[in-house]
file protein31.txt (compact mmCIF, C-alpha atoms)
# COMPACT_ATOMS: atom_id res chain seq x y z
CA MET A 1 -80.75 -1.70 -64.68
CA LEU A 2 -81.50 1.85 -63.61
CA GLN A 3 -80.72 4.60 -66.08
CA PRO A 4 -78.69 7.62 -64.92
CA GLY A 5 -80.73 10.81 -64.70
CA VAL A 6 -84.06 8.98 -64.85
CA LEU A 7 -86.54 9.20 -61.97
CA THR A 8 -87.62 5.61 -61.29
CA LEU A 9 -90.71 4.73 -59.27
CA ALA A 10 -90.82 1.12 -58.06
CA ALA A 11 -93.66 -0.90 -56.62
CA THR A 12 -92.76 -2.92 -53.53
CA PRO A 13 -94.51 -6.01 -52.09
CA ILE A 14 -97.75 -5.29 -50.24
CA GLY A 15 -97.06 -8.09 -47.78
CA ASN A 16 -95.16 -11.11 -49.01
CA PRO A 17 -91.55 -10.20 -49.93
CA LEU A 18 -91.49 -13.05 -52.46
CA ASP A 19 -93.73 -10.88 -54.67
CA ALA A 20 -90.78 -8.56 -55.31
CA SER A 21 -89.86 -8.47 -58.99
CA VAL A 22 -86.37 -9.16 -60.32
CA ARG A 23 -86.37 -5.59 -61.66
CA LEU A 24 -87.03 -4.22 -58.18
CA GLN A 25 -84.19 -6.24 -56.70
CA ARG A 26 -81.77 -5.08 -59.39
CA ALA A 27 -82.93 -1.48 -59.02
CA LEU A 28 -82.36 -1.53 -55.26
CA ALA A 29 -78.85 -2.86 -55.77
CA ALA A 30 -77.96 -0.39 -58.55
CA ALA A 31 -79.44 2.86 -57.21
CA ASP A 32 -77.24 5.80 -56.26
CA LEU A 33 -80.02 7.47 -54.25
CA ILE A 34 -83.14 5.82 -52.79
CA ALA A 35 -86.01 7.92 -51.45
CA ALA A 36 -87.99 5.67 -49.11
CA GLU A 37 -91.21 6.37 -47.22
CA ASP A 38 -89.80 4.44 -44.25
CA THR A 39 -86.06 3.76 -44.29
CA ARG A 40 -86.37 0.99 -41.68
CA ARG A 41 -88.91 -0.92 -43.75
CA LEU A 42 -86.69 -0.51 -46.80
CA ALA A 43 -83.78 -1.99 -44.87
CA ARG A 44 -85.96 -4.92 -43.78
CA LEU A 45 -87.12 -5.51 -47.37
CA ALA A 46 -83.52 -5.48 -48.58
CA ARG A 47 -82.60 -8.08 -45.95
CA ASP A 48 -85.55 -10.26 -46.93
CA LEU A 49 -84.50 -10.06 -50.59
CA GLU A 50 -80.79 -10.51 -49.75
CA VAL A 51 -79.98 -7.29 -51.60
CA GLU A 52 -77.01 -5.17 -50.54
CA LEU A 53 -77.91 -1.48 -50.63
CA ARG A 54 -75.04 0.76 -51.78
CA ALA A 55 -77.19 3.84 -52.34
CA LYS A 56 -77.53 6.91 -50.20
CA ILE A 57 -80.94 6.49 -48.52
CA ILE A 58 -83.17 9.39 -47.53
CA SER A 59 -86.63 9.43 -45.97
CA TYR A 60 -89.37 10.63 -48.29
CA HIS A 61 -92.85 10.94 -46.80
CA GLU A 62 -95.84 13.28 -46.69
CA HIS A 63 -94.22 15.60 -44.15
CA ASN A 64 -90.98 16.24 -46.08
CA GLU A 65 -91.96 15.45 -49.67
CA ALA A 66 -91.76 19.04 -50.94
CA GLU A 67 -88.34 19.66 -49.38
CA ARG A 68 -86.80 16.34 -50.44
CA THR A 69 -88.11 16.59 -54.00
CA GLU A 70 -85.51 19.31 -54.65
CA LEU A 71 -82.78 16.86 -53.58
CA LEU A 72 -84.10 14.27 -56.02
CA LEU A 73 -84.13 16.74 -58.91
CA ALA A 74 -80.58 17.84 -58.13
CA ALA A 75 -79.39 14.22 -58.13
CA LEU A 76 -81.15 13.56 -61.43
CA ARG A 77 -79.49 16.57 -63.02
CA GLU A 78 -76.14 15.22 -61.83
CA GLY A 79 -76.86 11.98 -63.72
CA ARG A 80 -77.40 9.83 -60.64
CA ARG A 81 -79.66 6.78 -60.51
CA VAL A 82 -82.64 7.83 -58.37
CA LEU A 83 -85.21 5.36 -57.06
CA VAL A 84 -88.44 6.17 -55.17
CA VAL A 85 -90.13 3.45 -53.10
CA THR A 86 -92.90 3.48 -50.50
CA ASP A 87 -93.82 1.10 -47.69
CA ALA A 88 -95.98 -1.12 -49.89
CA GLY A 89 -97.38 -0.98 -53.40
CA MET A 90 -96.92 1.76 -55.96
CA PRO A 91 -95.55 5.22 -55.12
CA VAL A 92 -97.94 8.09 -55.96
CA VAL A 93 -101.09 5.96 -55.48
CA SER A 94 -102.22 7.03 -51.97
CA ASP A 95 -98.50 7.25 -51.17
CA PRO A 96 -95.70 9.82 -51.60
CA GLY A 97 -94.19 10.37 -55.02
CA PHE A 98 -96.56 12.63 -56.93
CA GLN A 99 -94.65 15.81 -56.13
CA ALA A 100 -91.45 14.24 -57.48
CA VAL A 101 -93.21 13.13 -60.66
CA ARG A 102 -94.80 16.54 -61.23
CA ALA A 103 -91.50 18.34 -60.58
CA ALA A 104 -89.62 16.01 -62.95
CA VAL A 105 -92.23 16.55 -65.66
CA GLU A 106 -92.00 20.32 -65.28
CA ALA A 107 -88.20 20.12 -65.39
CA GLY A 108 -88.24 17.96 -68.52
CA LEU A 109 -86.55 15.05 -66.75
CA PRO A 110 -87.39 11.48 -67.78
CA ILE A 111 -89.51 9.17 -65.59
CA THR A 112 -90.03 5.42 -65.63
CA VAL A 113 -91.95 2.94 -63.49
CA ILE A 114 -91.12 -0.55 -62.29
CA PRO A 115 -94.59 -2.13 -61.90
CA GLY A 116 -95.47 -4.64 -59.26
CA PRO A 117 -97.95 -5.60 -56.52
CA SER A 118 -101.11 -3.55 -56.09
CA ALA A 119 -103.50 -3.78 -53.16
CA VAL A 120 -106.24 -2.24 -55.33
CA LEU A 121 -106.04 -4.86 -58.07
CA THR A 122 -105.42 -7.75 -55.67
CA ALA A 123 -108.53 -6.90 -53.63
CA LEU A 124 -110.60 -6.31 -56.75
CA ALA A 125 -109.61 -9.67 -58.22
CA ALA A 126 -110.44 -11.53 -54.99
CA SER A 127 -113.65 -9.67 -54.15
CA GLY A 128 -116.05 -11.49 -56.44
CA ILE A 129 -117.45 -8.11 -57.52
CA ALA A 130 -117.53 -7.04 -61.18
CA PRO A 131 -114.04 -5.74 -62.10
CA ASP A 132 -114.74 -4.59 -65.66
CA ARG A 133 -115.18 -0.92 -64.67
CA PHE A 134 -113.99 0.43 -61.34
CA THR A 135 -112.92 3.61 -59.61
CA PHE A 136 -110.28 3.98 -56.91
CA GLU A 137 -111.40 6.37 -54.16
CA GLY A 138 -108.38 6.13 -51.84
CA PHE A 139 -108.94 6.78 -48.13
CA PRO A 140 -112.41 8.20 -47.34
CA PRO A 141 -112.68 11.32 -45.14
CA ARG A 142 -112.35 10.77 -41.39
CA ARG A 143 -115.03 13.26 -40.35
CA GLU A 144 -118.54 11.87 -40.37
CA GLY A 145 -120.10 14.79 -42.25
CA ARG A 146 -117.51 14.76 -45.01
CA LEU A 147 -117.71 10.97 -45.25
CA ARG A 148 -121.48 11.06 -45.72
CA SER A 149 -121.21 13.85 -48.30
CA LEU A 150 -118.72 11.77 -50.28
CA LEU A 151 -120.88 8.66 -50.10
CA GLU A 152 -123.98 10.59 -51.18
CA SER A 153 -122.05 11.88 -54.19
CA LEU A 154 -121.18 8.26 -55.05
CA ALA A 155 -124.64 6.79 -54.44
CA GLN A 156 -125.39 6.59 -58.15
CA GLU A 157 -121.87 5.62 -59.28
CA PRO A 158 -122.34 2.55 -61.53
CA ARG A 159 -118.72 1.41 -61.37
CA THR A 160 -117.26 -0.81 -58.66
CA MET A 161 -115.58 1.38 -56.03
CA VAL A 162 -112.33 0.53 -54.20
CA PHE A 163 -111.35 2.27 -50.95
CA PHE A 164 -108.45 2.03 -48.52
CA GLU A 165 -109.36 2.30 -44.84
CA SER A 166 -107.79 2.23 -41.42
CA PRO A 167 -108.72 -0.88 -39.42
CA ARG A 168 -109.96 1.22 -36.50
CA ARG A 169 -112.38 3.13 -38.76
CA THR A 170 -113.57 0.20 -40.85
CA ALA A 171 -116.68 -0.55 -38.81
CA ALA A 172 -117.87 3.07 -38.81
CA THR A 173 -117.19 3.48 -42.52
CA LEU A 174 -119.08 0.30 -43.41
CA ALA A 175 -122.02 1.41 -41.25
CA ALA A 176 -122.12 4.77 -43.05
CA MET A 177 -121.89 3.02 -46.42
CA ALA A 178 -124.80 0.73 -45.51
CA GLU A 179 -126.90 3.72 -44.52
CA VAL A 180 -126.10 5.89 -47.54
CA LEU A 181 -125.48 3.37 -50.33
CA GLY A 182 -128.01 0.74 -49.23
CA GLU A 183 -127.83 -2.16 -46.81
CA GLU A 184 -128.10 -4.78 -49.56
CA ARG A 185 -125.28 -3.37 -51.69
CA PRO A 186 -122.74 -6.21 -52.32
CA ALA A 187 -119.27 -5.54 -50.98
CA ALA A 188 -116.06 -7.16 -49.74
CA VAL A 189 -113.49 -6.41 -47.06
CA ALA A 190 -109.97 -7.56 -47.93
CA ARG A 191 -107.38 -7.52 -45.16
CA GLU A 192 -103.71 -8.45 -44.87
CA LEU A 193 -103.47 -9.27 -48.59
CA THR A 194 -100.61 -11.65 -49.49
CA LYS A 195 -99.73 -12.01 -45.79
CA THR A 196 -100.08 -14.99 -43.45
CA HIS A 197 -103.50 -13.91 -42.13
CA GLU A 198 -104.97 -12.82 -45.47
CA GLU A 199 -108.76 -12.71 -45.35
CA VAL A 200 -111.54 -11.62 -47.73
CA VAL A 201 -115.01 -11.25 -46.19
CA ARG A 202 -117.87 -10.92 -48.67
CA GLY A 203 -121.51 -9.97 -48.14
CA SER A 204 -123.94 -7.08 -48.16
CA LEU A 205 -122.88 -3.77 -46.62
CA ALA A 206 -125.22 -4.44 -43.69
CA GLU A 207 -123.65 -7.87 -43.11
CA LEU A 208 -120.12 -6.50 -43.36
CA ALA A 209 -120.92 -3.60 -41.02
CA ALA A 210 -122.21 -6.11 -38.45
CA TRP A 211 -119.15 -8.32 -38.96
CA ALA A 212 -116.76 -5.39 -38.43
CA ASP A 213 -118.67 -4.29 -35.34
CA GLU A 214 -118.42 -7.76 -33.80
CA HIS A 215 -114.77 -8.45 -34.63
CA GLU A 216 -111.48 -6.73 -33.98
CA VAL A 217 -110.48 -5.62 -37.46
CA LEU A 218 -106.71 -5.68 -37.89
CA GLY A 219 -104.19 -5.12 -40.65
CA GLU A 220 -104.21 -3.29 -43.97
CA ILE A 221 -107.79 -2.90 -45.21
CA VAL A 222 -109.23 -2.58 -48.72
CA LEU A 223 -112.98 -2.15 -49.25
CA VAL A 224 -114.55 -3.16 -52.57
CA ILE A 225 -118.10 -1.87 -53.07
CA SER A 226 -120.42 -2.82 -55.92
CA GLY A 227 -121.60 0.03 -58.11
CA ALA A 228 -125.23 1.17 -58.14
CA GLN A 229 -127.53 -1.01 -60.18
CA PRO A 230 -129.76 0.62 -62.80
CA THR A 231 -133.11 1.58 -61.35
CA THR A 232 -136.35 2.26 -63.16
CA ALA A 233 -137.59 4.50 -60.37
CA ARG A 234 -136.98 8.23 -60.64
CA PRO A 235 -136.55 10.39 -57.53
CA GLU A 236 -139.74 12.26 -58.48
CA ASP A 237 -141.65 8.96 -58.34
CA LEU A 238 -140.65 8.38 -54.73
CA VAL A 239 -141.55 11.75 -53.22
CA ASP A 240 -145.07 10.61 -52.31
CA ALA A 241 -143.65 7.68 -50.33
CA VAL A 242 -141.38 10.07 -48.43
CA LEU A 243 -144.23 12.45 -47.60
CA GLN A 244 -146.49 9.58 -46.52
CA ARG A 245 -143.87 8.36 -44.04
CA ALA A 246 -143.41 11.92 -42.80
CA ALA A 247 -147.15 12.31 -42.37
CA ALA A 248 -147.14 9.16 -40.25
CA GLY A 249 -144.71 10.77 -37.83
CA GLU A 250 -141.17 10.26 -39.21
CA ARG A 251 -138.78 13.17 -39.58
CA LEU A 252 -138.68 14.14 -43.23
CA LYS A 253 -134.92 13.55 -43.44
CA ASP A 254 -135.28 10.07 -41.92
CA ALA A 255 -138.15 9.26 -44.27
CA ALA A 256 -136.03 10.26 -47.28
CA LYS A 257 -133.18 8.04 -46.07
CA GLU A 258 -135.45 5.04 -45.57
CA VAL A 259 -137.04 5.35 -49.01
CA ALA A 260 -133.68 5.89 -50.72
CA ARG A 261 -132.23 2.87 -48.92
CA GLY A 262 -134.52 0.57 -50.89
CA HIS A 263 -133.53 2.05 -54.25
CA ASP A 264 -129.88 1.85 -55.28
CA GLY A 265 -128.84 4.93 -57.17
CA ILE A 266 -131.42 7.19 -55.48
CA SER A 267 -129.88 9.87 -53.26
CA ALA A 268 -131.50 10.50 -49.87
CA ARG A 269 -130.47 14.14 -50.08
CA GLU A 270 -132.16 14.56 -53.48
CA LEU A 271 -135.35 12.94 -52.17
CA TYR A 272 -135.30 15.20 -49.14
CA ASP A 273 -134.89 18.32 -51.28
CA LEU A 274 -137.69 17.23 -53.61
CA ALA A 275 -139.98 16.54 -50.65
CA LEU A 276 -139.24 19.97 -49.19
CA ARG A 277 -140.09 21.62 -52.50
CA ARG A 278 -143.31 19.59 -52.79
CA ARG A 279 -144.33 20.64 -49.28
CA ALA A 280 -143.65 24.28 -50.12
CA ALA A 281 -145.62 24.05 -53.35
CA ASP A 282 -148.55 22.45 -51.54
CA GLY A 283 -148.40 25.10 -48.84
CA SER A 284 -148.00 22.58 -46.05

call {"tool": "encode", "arguments": {"input": "protein31.txt", "output": "structure tokens"}}
result
Amino acid sequence: MLQPGVLTLAATPIGNPLDASVRLQRALAAADLIAAEDTRRLARLARDLEVELRAKIISYHEHNEAERTELLLAALREGRRVLVVTDAGMPVVSDPGFQAVRAAVEAGLPITVIPGPSAVLTALAASGIAPDRFTFEGFPPRREGRLRSLLESLAQEPRTMVFFESPRRTAATLAAMAEVLGEERPAAVARELTKTHEEVVRGSLAELAAWADEHEVLGEIVLVISGAQPTTARPEDLVDAVLQRAAAGERLKDAAKEVARGHDGISARELYDLALRRRAADGS
């Protein structure tokens, strides 16, 4: 049962409504005020769960989160039962809710969480990639330059990495990952988790990039990427190989990328910078 004056965050099913917990169903029925990312999807979930909503329902999404947070705090101070839900999964995690949590903390108001389905953990468990240490990276940048900068910063990350992605950008993102992180890097694409057309495609980044390019990728997408494997090679040891390729006619930047591609954990940008410095030192 919801407690009066306590901000409650509740995880909702990521696809199959049967994954809804008993606590979620009771919270939906008992709430005085429900802040929902999409009020229509909340209504559909309530129908699927056969729960009668008696609460006042307000929309709560990225475009009105700051404004509506004040309404939530006022309701909490009045001792009302306030529930925050998003379209799927856990509020706050790549979804609205953080501003409400931060404001409640600053105001000294209590917070609790009703746990439940998680696309991150579901994809990680099904991926076949080591789950012992992982990092959640959320949605990668849309712009190509920012995406590549992010991937280069993660090239030596030893932990498994989990990303969300739009289906229409999946092919381009996988292609960039193959280029920056290495074509042979193990990975998995999980789509439509817990739904009728659930699918997990596993392979190297090069294989997955080709698969995404050849197929129409649909649904909610989670990418699971293996972390960089330890390498005995140091960037300094690979500079000669970069310069040799450049001497044979390749652009220095392309040569650095090609050499780095064969060595997980080695950054193409670092190799390029080292090669530039070596050229300058040699006077060439």

call {"tool": "residues_near_point", "arguments": {"input": "protein31.txt", "point": "(-106.8, -12.8, -47.6)", "cutoff": "12 Å", "atoms": "only C-alpha atoms", "output": "list in words"}}
result
Gly15, Asn16, Ala119, Thr122, Ala123, Leu124, Ala125, Ala126, Ser127, Ala188, Val189, Ala190, Arg191, Glu192, Leu193, Thr194, Lys195, Thr196, His197, Glu198, Glu199, Val200, Val201, Arg202, Gly219, Glu220, Ile221 and Val222 of chain A

call {"tool": "closest_residue", "arguments": {"input": "protein31.txt", "among": "A:Ala88, A:Ile129, A:Ile14, A:Ala260", "to": "Gln156 (chain A)", "atoms": "only C-alpha atoms"}}
result
A:Ala260

call {"tool": "atom_distance", "arguments": {"input": "protein31.txt", "atom1": "CA of Ala100 (chain A)", "atom2": "CA of Leu72 (chain A)"}}
result
7.5 Å

call {"tool": "closest_residue", "arguments": {"input": "protein31.txt", "among": "A:Asp213, A:Glu165, A:Glu65, A:Glu37", "to": "Val85 (chain A)", "atoms": "only C-alpha atoms"}}
result
A:Glu37

call {"tool": "residues_around", "arguments": {"input": "protein31.txt", "residues": "Arg168 (chain A)", "least_positions_apart": "6", "cutoff": "9 Å", "atoms": "all atoms listed in the file", "output": "tab-separated table (two decimals) with C-alpha atoms, in the coordinates of the input"}}
result
chain	number	residue	atom	x	y	z
A	216	GLU	CA	-111.48	-6.73	-33.98
A	217	VAL	CA	-110.48	-5.62	-37.46
A	218	LEU	CA	-106.71	-5.68	-37.89

call {"tool": "atom_distance", "arguments": {"input": "protein31.txt", "atom1": "CA of Ala107 (chain A)", "atom2": "CA of Glu78 (chain A)"}}
result
13.5 Å

call {"tool": "residues_around", "arguments": {"input": "protein31.txt", "residues": "Ile225 (chain A)", "least_positions_apart": "5", "cutoff": "6 Å", "atoms": "only C-alpha atoms", "output": "list of chain:residue names"}}
result
A:Thr160, A:Met161, A:Ala187

call {"tool": "write_last_selection", "arguments": {"input": "protein31.txt", "atoms": "C-alpha atoms", "output": "mmCIF file, in the frame of the given file"}}
result
data_model
loop_
_atom_site.group_PDB
_atom_site.id
_atom_site.type_symbol
_atom_site.label_atom_id
_atom_site.label_comp_id
_atom_site.auth_asym_id
_atom_site.auth_seq_id
_atom_site.Cartn_x
_atom_site.Cartn_y
_atom_site.Cartn_z
ATOM 1 C CA THR A 160 -117.260 -0.810 -58.660
ATOM 2 C CA MET A 161 -115.580 1.380 -56.030
ATOM 3 C CA ALA A 187 -119.270 -5.540 -50.980
#

call {"tool": "atom_distance", "arguments": {"input": "protein31.txt", "atom1": "CA of Ala10 (chain A)", "atom2": "CA of Ile114 (chain A)"}}
result
4.6 Å

call {"tool": "axis_aligned_box", "arguments": {"input": "protein31.txt", "around": "region 218-223 of chain A", "padding_each_side": "6 Å", "output": "JSON"}}
result
{"center_x": -108.6, "center_y": -3.9, "center_z": -43.6, "size_x": 20.8, "size_y": 15.5, "size_z": 23.4}

call {"tool": "residues_around", "arguments": {"input": "protein31.txt", "residues": "region 267-269 of chain A", "least_positions_apart": "3", "cutoff": "9 Å", "atoms": "all atoms listed in the file", "output": "list in words"}}
result
Glu152, Ser153, Ala155, Gln156, Val180, Leu181, Pro235, Lys253, Asp254, Ala255, Ala256, Lys257, Glu258, Val259, Ala260, Arg261, His263, Asp264, Tyr272, Asp273 and Leu274 of chain A

call {"tool": "closest_residue", "arguments": {"input": "protein31.txt", "among": "A:Val224, A:Thr135, A:Ala275, A:Asp282", "to": "Arg245 (chain A)", "atoms": "only C-alpha atoms"}}
result
A:Ala275

call {"tool": "closest_residue", "arguments": {"input": "protein31.txt", "among": "A:Asp132, A:Asp32, A:Glu67, A:Glu214", "to": "Val84 (chain A)", "atoms": "all atoms listed in the file"}}
result
A:Asp32

call {"tool": "residues_near_point", "arguments": {"input": "protein31.txt", "point": "(-127.7, -4.8, -46.8)", "cutoff": "12 Å", "atoms": "all atoms listed in the file", "output": "PyMOL selection string"}}
result
chain A and resi 174-187+202-210+225-226+261-264

call {"tool": "closest_residue", "arguments": {"input": "protein31.txt", "among": "A:Ala30, A:Leu271, A:Leu53, A:Ala43", "to": "Arg234 (chain A)", "atoms": "all atoms listed in the file"}}
result
A:Leu271

call {"tool": "closest_residue", "arguments": {"input": "protein31.txt", "among": "A:Leu45, A:Glu236, A:Ala212, A:Met1", "to": "Leu18 (chain A)", "atoms": "all atoms listed in the file"}}
result
A:Leu45

call {"tool": "residues_around", "arguments": {"input": "protein31.txt", "residues": "Asp87 (chain A)", "least_positions_apart": "3", "cutoff": "12 Å", "atoms": "all atoms listed in the file", "output": "ChimeraX atom specification"}}
result
/A:10-15,17,35-45,59-61,84,90-97,117,220

call {"tool": "decode", "arguments": {"input": "protein31.txt", "residues": "region 47-57 of chain A", "atoms": "all heavy atoms", "output": "compact mmCIF listing (two decimals), in the first residue's frame"}}
result
# COMPACT_ATOMS: atom_id res chain seq x y z
N ARG A 47 -6.11 -1.03 -17.88
CA ARG A 47 -7.12 -1.94 -18.44
C ARG A 47 -6.57 -3.37 -18.54
O ARG A 47 -7.27 -4.33 -18.21
CB ARG A 47 -7.55 -1.45 -19.83
CG ARG A 47 -8.39 -0.19 -19.82
CD ARG A 47 -9.08 0.02 -21.17
NE ARG A 47 -8.12 0.15 -22.25
CZ ARG A 47 -7.61 1.29 -22.65
NH1 ARG A 47 -7.95 2.43 -22.03
NH2 ARG A 47 -6.75 1.34 -23.66
N ASP A 48 -5.33 -3.50 -19.00
CA ASP A 48 -4.73 -4.82 -19.12
C ASP A 48 -4.65 -5.52 -17.76
O ASP A 48 -4.80 -6.74 -17.66
CB ASP A 48 -3.32 -4.72 -19.72
CG ASP A 48 -3.33 -4.35 -21.19
OD1 ASP A 48 -4.39 -4.53 -21.85
OD2 ASP A 48 -2.30 -3.87 -21.69
N LEU A 49 -4.39 -4.73 -16.71
CA LEU A 49 -4.24 -5.30 -15.37
C LEU A 49 -5.57 -5.36 -14.62
O LEU A 49 -5.61 -5.84 -13.48
CB LEU A 49 -3.25 -4.46 -14.56
CG LEU A 49 -1.83 -4.35 -15.12
CD1 LEU A 49 -0.97 -3.45 -14.24
CD2 LEU A 49 -1.20 -5.73 -15.26
N GLU A 50 -6.63 -4.85 -15.24
CA GLU A 50 -7.96 -4.81 -14.62
C GLU A 50 -7.93 -4.05 -13.31
O GLU A 50 -8.49 -4.46 -12.29
CB GLU A 50 -8.52 -6.23 -14.43
CG GLU A 50 -8.69 -6.98 -15.74
CD GLU A 50 -9.26 -8.38 -15.55
OE1 GLU A 50 -9.36 -8.82 -14.39
OE2 GLU A 50 -9.62 -9.01 -16.55
N VAL A 51 -7.22 -2.91 -13.34
CA VAL A 51 -7.11 -2.03 -12.17
C VAL A 51 -7.93 -0.78 -12.42
O VAL A 51 -7.80 -0.14 -13.47
CB VAL A 51 -5.64 -1.65 -11.89
CG1 VAL A 51 -5.57 -0.58 -10.81
CG2 VAL A 51 -4.83 -2.87 -11.49
N GLU A 52 -8.77 -0.42 -11.47
CA GLU A 52 -9.55 0.81 -11.57
C GLU A 52 -8.74 1.95 -10.99
O GLU A 52 -8.34 1.92 -9.81
CB GLU A 52 -10.88 0.68 -10.82
CG GLU A 52 -11.75 1.92 -10.93
CD GLU A 52 -13.07 1.78 -10.18
OE1 GLU A 52 -13.34 0.68 -9.67
OE2 GLU A 52 -13.80 2.79 -10.11
N LEU A 53 -8.48 2.98 -11.81
CA LEU A 53 -7.71 4.13 -11.35
C LEU A 53 -8.64 5.17 -10.74
O LEU A 53 -9.54 5.68 -11.42
CB LEU A 53 -6.94 4.74 -12.53
CG LEU A 53 -5.92 3.83 -13.23
CD1 LEU A 53 -5.29 4.56 -14.41
CD2 LEU A 53 -4.85 3.36 -12.26
N ARG A 54 -8.41 5.50 -9.47
CA ARG A 54 -9.20 6.54 -8.80
C ARG A 54 -8.42 7.83 -8.66
O ARG A 54 -8.96 8.85 -8.27
CB ARG A 54 -9.62 6.05 -7.41
CG ARG A 54 -10.50 4.79 -7.43
CD ARG A 54 -10.96 4.44 -6.02
NE ARG A 54 -11.87 3.31 -6.02
CZ ARG A 54 -11.50 2.03 -5.94
NH1 ARG A 54 -10.21 1.75 -5.89
NH2 ARG A 54 -12.39 1.06 -5.94
N ALA A 55 -7.14 7.79 -8.98
CA ALA A 55 -6.25 8.92 -8.77
C ALA A 55 -6.47 10.03 -9.79
O ALA A 55 -6.98 9.79 -10.89
CB ALA A 55 -4.79 8.46 -8.84
N LYS A 56 -6.05 11.23 -9.43
CA LYS A 56 -5.90 12.28 -10.41
C LYS A 56 -4.65 11.94 -11.22
O LYS A 56 -3.61 11.59 -10.66
CB LYS A 56 -5.72 13.64 -9.73
CG LYS A 56 -5.47 14.77 -10.71
CD LYS A 56 -5.25 16.11 -9.99
CE LYS A 56 -4.97 17.21 -11.00
NZ LYS A 56 -4.75 18.53 -10.33
N ILE A 57 -4.75 12.01 -12.54
CA ILE A 57 -3.63 11.62 -13.41
C ILE A 57 -3.13 12.85 -14.15
O ILE A 57 -3.93 13.58 -14.76
CB ILE A 57 -4.06 10.53 -14.40
CG1 ILE A 57 -4.54 9.29 -13.64
CG2 ILE A 57 -2.92 10.17 -15.33
CD1 ILE A 57 -5.19 8.23 -14.51
